[in-house]
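Novice: Just passing along the structure, written as structure tokens.
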Amino acid sequence: MPEDGAGWSGADWLLTFQPDGTWEATTYEAWGNWRVEGNSLCVALVGGNTQWNAPYEGCLGVKVNVENGVIAASIPKMKLQHFVMKEGAYGELASLKPAPQTSEEAVSSKRLPARQPAAPPKGDARERALEEQRLALERQRRELEKQKLEMQRQALLLKQQQRQQQQQRATRVDDIKPVIQTIEAATTKGKTVRIAGVARDDVKLARVEVAGRRVDVDGGTGRFSAMVTIALGRNRGAVTAIDASGNKAERIVLVTRKRDIPEIEFGTYHAVVIGINDYDSLLKLQTAIADVRAVAATLENEYGYTIHLMENPTRADIIDKLDELRVTLVEADNLLIYYAGHGWLDEQSGRGYWMPVNACNDWRSRWVSNVTLTDALQALHAKHVMVVADSCYSGTLTRSVKVPERNKAYIERMVEKRARVVLSSGGLEPVADSGGGKHSVFAAQFLRALRSNEGVLDGT
């Protein structure tokens, strides 16, 4: 076979070679006789081929490809040509035995009628068809086998992935904390409160604690419940959940316990809290400032007082504050004055004094007398005023009273009455500045009474 692209680039010359020694080419309307001489095909050309200046006569070196019907011919003085045989030109050309003719006879011979190519034997066609069917079935079998192998490979890959996932789940490190659902805050008047909620974990819960105590958990729903004892005021407790891997989650619950107070309109509460440690001329005290800070915090946080805290005030500061309250307080208000500092008793007049930070022994103009305090308290519009004095000789402010039974009827009567009450740390004698830990003895007991109170705490 010649290589692609070799020789003439025009249309193929379709040739038909007949056993009787004739040939024809339909493309160029050429025909003639042929003969075999050794390895050459000799052609006498007649007919309508003007390109070759017919008639042409000569021998061509021929190679035949019987399978696809292609002849390659080497023509003298011409480039390599290739011709496509029509269907039916099978077999070796050399096996044909044409009648020999001279070149003159070829030129002068009449054009032979074109003959139809012989059909291949029927037996060969059946065999080729059966072979093609066999090959097609073989290709189909191989394709099905390939698909089967691919499905088996996919199934094996899926099993491997499933095993890997199972191994990963078995060996996975659990670092996810449990989830807790419970209340954030609650208010009650009782001594106990029920804390309930739900705790869940992606693996397994180990335990749940409420306020440091382990509680039972429903295995199906994760619900838990516990009764917790609480103190007065604000209580801060934790709900904790721990899973089997040691992961811990915590939720803080704030519970405010209010005092059990009757439904009575008590009005609003104010407190002036005075503490003096750093005297200019007198002996300095140790616990007065700490006392008033603790009292102020307790009154504000646990009783709802509005606080006016005065640390190391002068006489003018104290009198100005009392005058301010005389203008701002109304009848529905309640006022508590707490004083922690030096006190003085004038034995000649029998009167007691509070000693502000700038007090001197010989200058009474810088003292605050009990008479001045009494007059200021009487002038206040507030219905209830209570003075708590933790100082020497503070007993000059009050007289003794008889304490009646404290019931609701008594409390209602006291709310309606105008009252001025004094609670002092001593009578007409000096009192201790310490002895109650970081507070004075009096302040420590006063704070204990405030903090342990669960109801209404009256002045008596």
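Convention: chains lettered A, B, ... in structure tokens order; per-chain residue numbering from 1; ligands numbered from 1 as shown.
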Need to verify the contact set: Leu336 of chain A, 7 Å, only C-alpha atoms, exclusion of same-chain residues closer than 4 positions in sequence. Can you return it as a list in words?
Specialist: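 In the requested form, the answer reads His270, Ala271, Val272, Val385, Met386 and Val387 of chain A.
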Novice: Sort by chain and increasing residue number a table of all residues of segment 264-366 of chain A within 12 Å of segment 218-238 of chain A, each with its closest pair of atoms and their distance in Å to one decimal, counting only C-alpha atoms, and write it as JSON lines.
Specialist:
{"residue": "A:Thr298", "atom": "CA", "partner": "A:Gly233", "partner_atom": "CA", "distance": 9.8}
{"residue": "A:Leu299", "atom": "CA", "partner": "A:Gly233", "partner_atom": "CA", "distance": 11.2}
{"residue": "A:Glu300", "atom": "CA", "partner": "A:Gly233", "partner_atom": "CA", "distance": 11.0}
{"residue": "A:Asn301", "atom": "CA", "partner": "A:Gly233", "partner_atom": "CA", "distance": 7.7}
{"residue": "A:Glu302", "atom": "CA", "partner": "A:Gly233", "partner_atom": "CA", "distance": 5.7}
{"residue": "A:Tyr303", "atom": "CA", "partner": "A:Gly233", "partner_atom": "CA", "distance": 8.8}
{"residue": "A:Gly304", "atom": "CA", "partner": "A:Gly233", "partner_atom": "CA", "distance": 10.7}
Novice: Let's have the selection written as a compact mmCIF listing (two decimals), in the first residue's frame, with N, CA and C atoms.
Specialist:
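In the end it all went to out_32.txt:
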# COMPACT_ATOMS: atom_id res chain seq x y z
N THR A 298 -25.33 45.55 103.31
CA THR A 298 -26.41 44.66 103.72
C THR A 298 -27.77 45.32 103.55
N LEU A 299 -27.88 46.56 103.94
CA LEU A 299 -29.15 47.26 103.80
C LEU A 299 -29.53 47.43 102.33
N GLU A 300 -28.57 47.70 101.49
CA GLU A 300 -28.85 47.92 100.07
C GLU A 300 -29.20 46.62 99.35
N ASN A 301 -28.38 45.58 99.56
CA ASN A 301 -28.54 44.34 98.79
C ASN A 301 -29.66 43.45 99.30
N GLU A 302 -29.86 43.42 100.62
CA GLU A 302 -30.83 42.48 101.17
C GLU A 302 -32.15 43.13 101.57
N TYR A 303 -32.15 44.47 101.72
CA TYR A 303 -33.39 45.14 102.15
C TYR A 303 -33.85 46.22 101.18
N GLY A 304 -33.07 46.53 100.17
CA GLY A 304 -33.50 47.50 99.18
C GLY A 304 -33.43 48.95 99.60
Novice: May I ask which of the residues A:Val421, A:Leu457, A:Ala340, A:Leu309 is the closest one to Val441 of chain A, counting only C-alpha atoms?
Specialist: A:Ala340
Novice: So that I can see what lies close to Arg420 of chain A, please list as number ranges by chain the residues with an atom at most 12 Å from it, counting only C-alpha atoms and leaving out residues fewer than 2 positions away in the same chain.
Specialist: A: 334-337, 373-388, 397-399, 414, 417-418, 422-423, 458-460
Novice: Would you save the residues from that selection as an mmCIF file, in the first residue's frame, using C-alpha atoms?
Specialist:
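Final output, saved to again_7.cif:
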data_model
loop_
_atom_site.group_PDB
_atom_site.id
_atom_site.type_symbol
_atom_site.label_atom_id
_atom_site.label_comp_id
_atom_site.auth_asym_id
_atom_site.auth_seq_id
_atom_site.Cartn_x
_atom_site.Cartn_y
_atom_site.Cartn_z
ATOM 1 C CA ASN A 334 -38.504 55.517 106.253
ATOM 2 C CA LEU A 335 -35.051 56.648 107.395
ATOM 3 C CA LEU A 336 -32.278 54.809 109.247
ATOM 4 C CA ILE A 337 -29.224 56.731 110.548
ATOM 5 C CA LEU A 373 -29.962 65.432 116.362
ATOM 6 C CA THR A 374 -33.299 65.144 118.164
ATOM 7 C CA ASP A 375 -34.540 68.458 116.785
ATOM 8 C CA ALA A 376 -33.437 67.481 113.219
ATOM 9 C CA LEU A 377 -35.157 64.098 113.457
ATOM 10 C CA GLN A 378 -38.383 65.641 114.693
ATOM 11 C CA ALA A 379 -38.374 68.069 111.752
ATOM 12 C CA LEU A 380 -38.122 65.305 109.124
ATOM 13 C CA HIS A 381 -41.324 64.485 107.212
ATOM 14 C CA ALA A 382 -40.521 60.781 107.196
ATOM 15 C CA LYS A 383 -42.989 58.754 109.213
ATOM 16 C CA HIS A 384 -40.426 56.344 110.698
ATOM 17 C CA VAL A 385 -36.876 57.301 111.715
ATOM 18 C CA MET A 386 -34.465 54.957 113.441
ATOM 19 C CA VAL A 387 -31.057 55.960 114.825
ATOM 20 C CA VAL A 388 -28.463 53.253 115.429
ATOM 21 C CA LEU A 397 -30.521 59.700 122.993
ATOM 22 C CA THR A 398 -33.179 57.288 124.212
ATOM 23 C CA ARG A 399 -35.240 55.875 127.024
ATOM 24 C CA MET A 414 -46.558 50.483 113.823
ATOM 25 C CA LYS A 417 -47.831 55.543 113.617
ATOM 26 C CA ARG A 418 -45.191 58.230 113.474
ATOM 27 C CA VAL A 422 -32.938 54.804 118.872
ATOM 28 C CA LEU A 423 -30.775 51.677 119.168
ATOM 29 C CA ASP A 458 -38.784 46.109 113.780
ATOM 30 C CA GLY A 459 -36.815 48.556 115.891
ATOM 31 C CA THR A 460 -37.756 47.039 119.224
#
